[in-house]
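target_16.pdb follows; it contains PDB, C-alpha atoms, pLDDT in the B column.
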MODEL        1
ATOM      1  CA  MET A  12       9.227  15.903   3.841  1.00 86.00           C
ATOM      2  CA  SER A  13       6.052  14.676   2.232  1.00 88.00           C
ATOM      3  CA  LYS A  14       5.299  13.708  -1.348  1.00 90.00           C
ATOM      4  CA  VAL A  15       2.165  13.031  -3.297  1.00 92.00           C
ATOM      5  CA  PHE A  16       1.887   9.675  -5.073  1.00 91.00           C
ATOM      6  CA  LYS A  17      -0.832   8.151  -7.191  1.00 93.00           C
ATOM      7  CA  VAL A  18      -2.329   4.952  -5.805  1.00 93.00           C
ATOM      8  CA  ARG A  19      -4.216   2.553  -8.048  1.00 93.00           C
ATOM      9  CA  THR A  20      -7.973   2.319  -7.443  1.00 95.00           C
ATOM     10  CA  GLU A  21      -7.812  -1.316  -6.287  1.00 94.00           C
ATOM     11  CA  GLU A  22      -5.137  -0.563  -3.704  1.00 95.00           C
ATOM     12  CA  SER A  23      -6.918   2.588  -2.580  1.00 95.00           C
ATOM     13  CA  GLU A  24     -10.117   0.632  -1.948  1.00 95.00           C
ATOM     14  CA  ALA A  25      -8.228  -2.114  -0.113  1.00 95.00           C
ATOM     15  CA  LEU A  26      -6.540   0.518   2.032  1.00 94.00           C
ATOM     16  CA  ARG A  27      -9.905   2.109   2.889  1.00 94.00           C
ATOM     17  CA  GLU A  28     -11.367  -1.301   3.806  1.00 95.00           C
ATOM     18  CA  ALA A  29      -8.361  -2.151   5.985  1.00 94.00           C
ATOM     19  CA  SER A  30      -8.669   1.205   7.717  1.00 94.00           C
ATOM     20  CA  ILE A  31     -12.366   0.618   8.464  1.00 95.00           C
ATOM     21  CA  LYS A  32     -11.662  -2.883   9.825  1.00 95.00           C
ATOM     22  CA  MET A  33      -8.945  -1.538  12.121  1.00 94.00           C
ATOM     23  CA  ILE A  34     -11.176   1.284  13.341  1.00 95.00           C
ATOM     24  CA  ILE A  35     -13.919  -1.227  14.177  1.00 96.00           C
ATOM     25  CA  LYS A  36     -11.459  -3.551  15.910  1.00 96.00           C
ATOM     26  CA  THR A  37      -9.562  -0.932  17.916  1.00 96.00           C
ATOM     27  CA  LYS A  38     -12.273   1.745  18.289  1.00 96.00           C
ATOM     28  CA  LYS A  39      -9.561   4.284  17.380  1.00 95.00           C
ATOM     29  CA  HIS A  40      -9.473   6.487  14.303  1.00 93.00           C
ATOM     30  CA  MET A  41      -6.730   5.391  11.918  1.00 89.00           C
ATOM     31  CA  LYS A  42      -6.061   7.462   8.845  1.00 91.00           C
ATOM     32  CA  GLU A  43      -5.475   5.695   5.560  1.00 91.00           C
ATOM     33  CA  SER A  44      -2.213   7.626   5.276  1.00 91.00           C
ATOM     34  CA  GLU A  45      -1.067   6.146   8.606  1.00 93.00           C
ATOM     35  CA  LEU A  46      -1.785   2.640   7.360  1.00 94.00           C
ATOM     36  CA  LEU A  47       0.024   3.268   4.100  1.00 94.00           C
ATOM     37  CA  ASN A  48       3.051   4.774   5.841  1.00 94.00           C
ATOM     38  CA  CYS A  49       3.135   1.871   8.301  1.00 95.00           C
ATOM     39  CA  LEU A  50       2.998  -0.585   5.424  1.00 94.00           C
ATOM     40  CA  ILE A  51       5.939   1.151   3.755  1.00 95.00           C
ATOM     41  CA  TRP A  52       7.866   1.400   7.030  1.00 96.00           C
ATOM     42  CA  LYS A  53       7.323  -2.268   7.860  1.00 96.00           C
ATOM     43  CA  ASN A  54       7.990  -3.786   4.425  1.00 96.00           C
ATOM     44  CA  LEU A  55      10.266  -1.542   2.384  1.00 96.00           C
ATOM     45  CA  LYS A  56      13.427  -3.064   3.834  1.00 96.00           C
ATOM     46  CA  ASP A  57      12.428  -6.476   2.412  1.00 97.00           C
ATOM     47  CA  LEU A  58      11.436  -5.232  -1.050  1.00 97.00           C
ATOM     48  CA  THR A  59      13.615  -6.535  -3.875  1.00 97.00           C
ATOM     49  CA  ASP A  60      14.060  -5.534  -7.479  1.00 96.00           C
ATOM     50  CA  GLU A  61      12.533  -8.903  -8.388  1.00 97.00           C
ATOM     51  CA  ASP A  62       9.398  -7.959  -6.450  1.00 97.00           C
ATOM     52  CA  VAL A  63       9.105  -4.709  -8.387  1.00 95.00           C
ATOM     53  CA  GLU A  64       9.647  -6.428 -11.732  1.00 95.00           C
ATOM     54  CA  LYS A  65       7.018  -9.053 -10.874  1.00 96.00           C
ATOM     55  CA  TYR A  66       4.555  -6.329  -9.854  1.00 95.00           C
ATOM     56  CA  ARG A  67       5.187  -4.399 -13.064  1.00 95.00           C
ATOM     57  CA  LYS A  68       4.656  -7.534 -15.155  1.00 95.00           C
ATOM     58  CA  GLU A  69       1.699  -9.122 -13.341  1.00 95.00           C
ATOM     59  CA  VAL A  70      -0.246  -6.116 -12.057  1.00 94.00           C
ATOM     60  CA  LEU A  71       0.654  -3.279 -14.397  1.00 93.00           C
ATOM     61  CA  LYS A  72       1.003  -5.566 -17.434  1.00 91.00           C
ATOM     62  CA  LYS A  73       4.222  -3.820 -18.449  1.00 91.00           C
ATOM     63  CA  ALA A  74       6.813  -5.715 -20.437  1.00 79.00           C
ATOM     64  CA  ASP A  75      10.345  -4.340 -20.396  1.00 71.00           C
TER      65      ASP A  75
ENDMDL
END
For the file at hand, write its structure as structure tokens.
Amino acid sequence: MSKVFKVRTEESEALREASIKMIIKTKKHMKESELLNCLIWKNLKDLTDEDVEKYRKEVLKKAD
């Protein structure tokens, strides 16, 4: 199953830059979607509700 999600401009640009750096380093094509899915796969298990609240407050400037 696949889903479409919006990614903030800053994160999208950082993802593109990381992809380019990895392509240069490995000489292999790496899709941005592969990097993003790897990031989720590697880190989701360690994500806490405190992390999400901090992100919402500091990055999104949302106060609950």
Q | Option closest in space to Ser44 (chain A), from A:Glu24, A:Leu58, A:Lys73, A:Ser30 [counting all atoms listed in the file] | A |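 Nearest candidate to Ser44 (chain A) out of A:Glu24, A:Leu58, A:Lys73, A:Ser30: A:Ser30.
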Q | Nearest to Leu46 (chain A), chosen from A:Glu64, A:Asp75, A:Glu28, A:Glu69, with all atoms listed in the file counted in the distances | A |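 Among A:Glu64, A:Asp75, A:Glu28, A:Glu69, it is A:Glu28 that comes nearest to Leu46 (chain A).
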Q. Which value, in Å to one decimal, gives the distance between CA of Ala74 (chain A) and CA of Asp60 (chain A)?
A.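 Rounded to one decimal, the two atoms are 14.8 Å apart.
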Q. Can you tell me how far CA of Lys36 (chain A) sits from CA of Leu50 (chain A), in Å to one decimal?
A. 18.1 Å
Q: Write out as a ChimeraX atom specification each polymer residue whose atoms come within 12 Å of Arg27 (chain A), counting only C-alpha atoms; drop sequence neighbours fewer than 2 positions from it.
A: /A:18,20-25,29-34,41-47
Q) For Leu71 (chain A), which of A:Arg19, A:Lys53, A:Lys14, A:Ile35 is the closest residue, counting only C-alpha atoms? A) A:Arg19
Q.
Rounded to one decimal, what separation in Å do you get between CA of Met12 (chain A) and CA of Val63 (chain A)?
A. 24.0 Å
